[in-house]
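Before any comments, here is the structure.
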Amino acid sequence: MSTTVTAAQLEAALEAFVACPDEERFAVLFRLLAPQLLVYFRARGCEAGVAEDLTQEVMLTLFRKVDGLRDRDLFRPWLFRIAKNALLQHLRKQGQRVETVALADRLEGVAWNPFAGLALGEWLACLPEADRELLLLRYVDGFTHHEIAALLEIPMGTVQWRVFQLKKKLAEHFR
C-alpha cells in the first residue's frame, strides 16, 4: 500500500467531509492522513504506540474543529500545527524533548521507511533542533515552502533561504 497522497485526493476527501461531516467521510480522510501523521510523530522520536495515540488525538481534534478552518489551501499546515501542539503537550507531560539524532533507528517497524539506507540521523545531528525540524518538514513530511511558512508563521522567503543555507551547510559538513 502506498502512503503517497495526492493533493487532489486530499482536497476531494476534505471537501466531502466539510460538506457533510459524517463518520464515513471522516474515515476516508483518516485513511489518507493517518500514515502522514504517524511518520511525522515517528520521525520526531515517538514510539509506535505513542505515535498512534497522538495520530488519533490529532484526527479527533480535526473532526471536532474542522469548521474553524478558515483557508482550505492551508489545511496541511493547520493540521500539522495541531500535530505539533499535541506532540509538545505529550513531551511536556513526559518531561522530555524532541530528539532526532537516532532517527533512522527509531523508525524500525514503520511500514514505510523514508530513511531506508540513509544515515539521516548522522546528517541531522550536526544541526540545531530548529534546523532539523525545518528539514524534516521539507524533506520527510513533504511540505512545500508555502506550507512550512504558514506552519511556522514565518515569511516564505525566510523558509526558502534557510532550506538553501542548511543544504549548503550539510554539503560542507560532509565533504
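Letters A, B, ... go to the chains of the C-alpha cells in the order shown; residues in each chain start at 1; ligands are counted from 1 in the same order.
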
So that I can see what lies close to Pro77 (chain A), please list as a short mmCIF file (atom, residue, chain, number, x, y, z; two decimals) with N, CA, C and O atoms, in the first residue's frame the residues with an atom at most 8 Å from it, counting only C-alpha atoms and leaving out residues fewer than 2 positions away in the same chain.
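The new file part_14.cif reads:
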data_model
loop_
_atom_site.label_atom_id
_atom_site.label_comp_id
_atom_site.auth_asym_id
_atom_site.auth_seq_id
_atom_site.Cartn_x
_atom_site.Cartn_y
_atom_site.Cartn_z
N LEU A 74 -4.57 26.08 3.25
CA LEU A 74 -3.61 25.93 4.35
C LEU A 74 -4.02 24.80 5.30
O LEU A 74 -3.65 24.80 6.47
N PHE A 75 -4.76 23.82 4.77
CA PHE A 75 -5.23 22.71 5.61
C PHE A 75 -4.07 21.93 6.22
O PHE A 75 -4.06 21.67 7.43
N LEU A 79 -3.37 21.39 10.11
CA LEU A 79 -3.40 20.05 10.71
C LEU A 79 -2.09 19.74 11.43
O LEU A 79 -2.08 19.24 12.55
N PHE A 80 -0.96 20.06 10.79
CA PHE A 80 0.32 19.73 11.40
C PHE A 80 0.68 20.70 12.53
O PHE A 80 1.51 20.37 13.37
N ARG A 81 0.06 21.86 12.60
CA ARG A 81 0.21 22.71 13.78
C ARG A 81 -0.50 22.04 14.96
O ARG A 81 0.01 22.03 16.08
N GLU A 147 3.68 25.99 2.69
CA GLU A 147 3.06 25.31 3.84
C GLU A 147 3.93 25.44 5.09
O GLU A 147 3.41 25.64 6.19
N ILE A 148 5.24 25.33 4.92
CA ILE A 148 6.15 25.47 6.07
C ILE A 148 6.05 26.89 6.63
O ILE A 148 6.00 27.08 7.85
N ALA A 150 3.53 28.88 6.54
CA ALA A 150 2.26 29.00 7.27
C ALA A 150 2.33 28.27 8.60
O ALA A 150 1.87 28.78 9.63
N LEU A 151 2.92 27.09 8.60
CA LEU A 151 3.00 26.28 9.81
C LEU A 151 3.87 26.95 10.88
O LEU A 151 3.50 27.02 12.05
#

Non-local contacts of region 8-11 of chain A (12 Å; only C-alpha atoms; under 4 positions in same chain excluded) as a ChimeraX atom specification: /A:4,15-19,25-26,28-34,36,72-76

One-decimal distance in Å that lies between CA of Thr55 (chain A) and CA of Leu37 (chain A):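 Straight-line distance from CA of Leu37 (chain A) to CA of Thr55 (chain A) works out to 5.8 Å.
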
Please return as a short mmCIF file (atom, residue, chain, number, x, y, z; two decimals) with C-alpha atoms, in the first residue's frame: the residues of region 6-167 of chain A that backbone DSSP assigns to alpha helix (DSSP H).
data_model
loop_
_atom_site.label_atom_id
_atom_site.label_comp_id
_atom_site.auth_asym_id
_atom_site.auth_seq_id
_atom_site.Cartn_x
_atom_site.Cartn_y
_atom_site.Cartn_z
CA ALA A 7 -3.32 16.89 -3.34
CA ALA A 8 -6.42 16.07 -5.39
CA GLN A 9 -7.26 13.05 -3.20
CA LEU A 10 -6.84 15.07 -0.04
CA GLU A 11 -8.82 18.02 -1.41
CA ALA A 12 -11.69 15.76 -2.50
CA ALA A 13 -11.82 13.96 0.85
CA LEU A 14 -11.64 17.25 2.75
CA GLU A 15 -14.37 18.83 0.61
CA ALA A 16 -16.63 15.82 1.12
CA PHE A 17 -16.06 15.83 4.88
CA VAL A 18 -16.59 19.58 5.27
CA ALA A 19 -19.78 19.38 3.19
CA GLU A 23 -18.20 9.06 10.07
CA GLU A 24 -17.90 7.59 6.57
CA ARG A 25 -16.31 10.69 5.07
CA PHE A 26 -14.12 11.10 8.14
CA ALA A 27 -12.90 7.50 7.72
CA VAL A 28 -11.75 8.33 4.17
CA LEU A 29 -9.90 11.41 5.43
CA PHE A 30 -8.41 9.37 8.29
CA ARG A 31 -7.05 6.73 5.86
CA LEU A 32 -5.37 9.46 3.82
CA LEU A 33 -3.88 11.43 6.71
CA ALA A 34 -3.03 8.86 9.39
CA PRO A 35 0.08 7.48 7.63
CA GLN A 36 1.48 11.01 7.23
CA LEU A 37 0.83 11.79 10.88
CA LEU A 38 2.39 8.52 12.01
CA VAL A 39 5.57 9.28 10.05
CA TYR A 40 5.56 12.82 11.47
CA PHE A 41 5.46 11.55 15.05
CA ARG A 42 7.87 8.65 14.49
CA ALA A 43 10.37 10.97 12.80
CA ALA A 48 4.87 3.35 17.59
CA GLY A 49 2.15 3.22 20.25
CA VAL A 50 2.60 6.85 21.21
CA ALA A 51 2.60 7.88 17.54
CA GLU A 52 -0.67 6.01 17.02
CA ASP A 53 -2.23 7.63 20.10
CA LEU A 54 -1.14 11.10 19.02
CA THR A 55 -2.41 10.47 15.48
CA GLN A 56 -5.82 9.53 16.84
CA GLU A 57 -5.81 12.59 19.10
CA VAL A 58 -4.98 14.88 16.17
CA MET A 59 -7.63 13.31 13.97
CA LEU A 60 -10.23 13.66 16.74
CA THR A 61 -9.31 17.34 17.01
CA LEU A 62 -9.70 17.63 13.23
CA PHE A 63 -13.15 16.02 13.46
CA ARG A 64 -14.22 18.45 16.17
CA LYS A 65 -12.66 21.65 14.83
CA PHE A 75 -5.23 22.71 5.61
CA ARG A 76 -1.98 20.73 5.96
CA PRO A 77 -0.16 23.46 7.92
CA TRP A 78 -3.26 23.81 10.12
CA LEU A 79 -3.40 20.05 10.71
CA PHE A 80 0.32 19.73 11.40
CA ARG A 81 0.21 22.71 13.78
CA ILE A 82 -2.34 20.66 15.72
CA ALA A 83 0.07 17.70 15.50
CA LYS A 84 2.99 19.82 16.67
CA ASN A 85 0.98 21.10 19.63
CA ALA A 86 -0.12 17.56 20.52
CA LEU A 87 3.49 16.39 20.41
CA LEU A 88 4.70 19.29 22.55
CA GLN A 89 1.95 18.67 25.07
CA HIS A 90 2.86 14.97 25.20
CA LEU A 91 6.54 15.79 25.67
CA ARG A 92 5.77 18.27 28.44
CA LYS A 93 3.80 15.57 30.21
CA GLN A 94 6.71 13.17 29.79
CA LEU A 103 16.03 8.94 13.83
CA ALA A 104 16.65 6.06 11.45
CA ASP A 105 16.86 3.57 14.33
CA ARG A 106 13.57 4.73 15.80
CA LEU A 120 19.75 10.67 8.24
CA GLY A 121 20.34 10.84 11.97
CA GLU A 122 24.05 11.41 11.33
CA TRP A 123 23.27 14.13 8.81
CA LEU A 124 20.86 15.92 11.11
CA ALA A 125 22.94 15.57 14.27
CA GLU A 129 16.91 21.39 16.68
CA ALA A 130 15.03 24.16 14.83
CA ASP A 131 17.03 23.48 11.67
CA ARG A 132 16.44 19.73 11.94
CA GLU A 133 12.71 20.39 12.25
CA LEU A 134 12.75 22.58 9.15
CA LEU A 135 14.47 19.88 7.08
CA HIS A 145 7.86 26.18 1.27
CA HIS A 146 4.47 27.92 1.41
CA GLU A 147 3.06 25.31 3.84
CA ILE A 148 6.15 25.47 6.07
CA ALA A 149 5.90 29.27 6.19
CA ALA A 150 2.26 29.00 7.27
CA LEU A 151 3.00 26.28 9.81
CA LEU A 152 5.98 28.05 11.40
CA MET A 156 8.15 32.13 2.76
CA GLY A 157 11.37 33.82 1.64
CA THR A 158 12.87 33.02 5.03
CA VAL A 159 11.93 29.36 4.64
CA GLN A 160 13.47 29.20 1.17
CA TRP A 161 16.66 30.92 2.32
CA ARG A 162 17.02 28.71 5.42
CA VAL A 163 16.48 25.48 3.46
CA PHE A 164 19.06 26.58 0.89
CA GLN A 165 21.57 27.53 3.62
CA LEU A 166 21.00 24.28 5.50
CA LYS A 167 21.60 22.19 2.40
#

Between CA of Ile154 (chain A) and CA of Val5 (chain A), distance in Å (one decimal):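 CA of Val5 (chain A) lies at a distance of 25.8 Å from CA of Ile154 (chain A).
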
Distance in Å - CA of Arg44 (chain A) versus CA of Ala171 (chain A):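 Distance between the two atoms: 22.8 Å.
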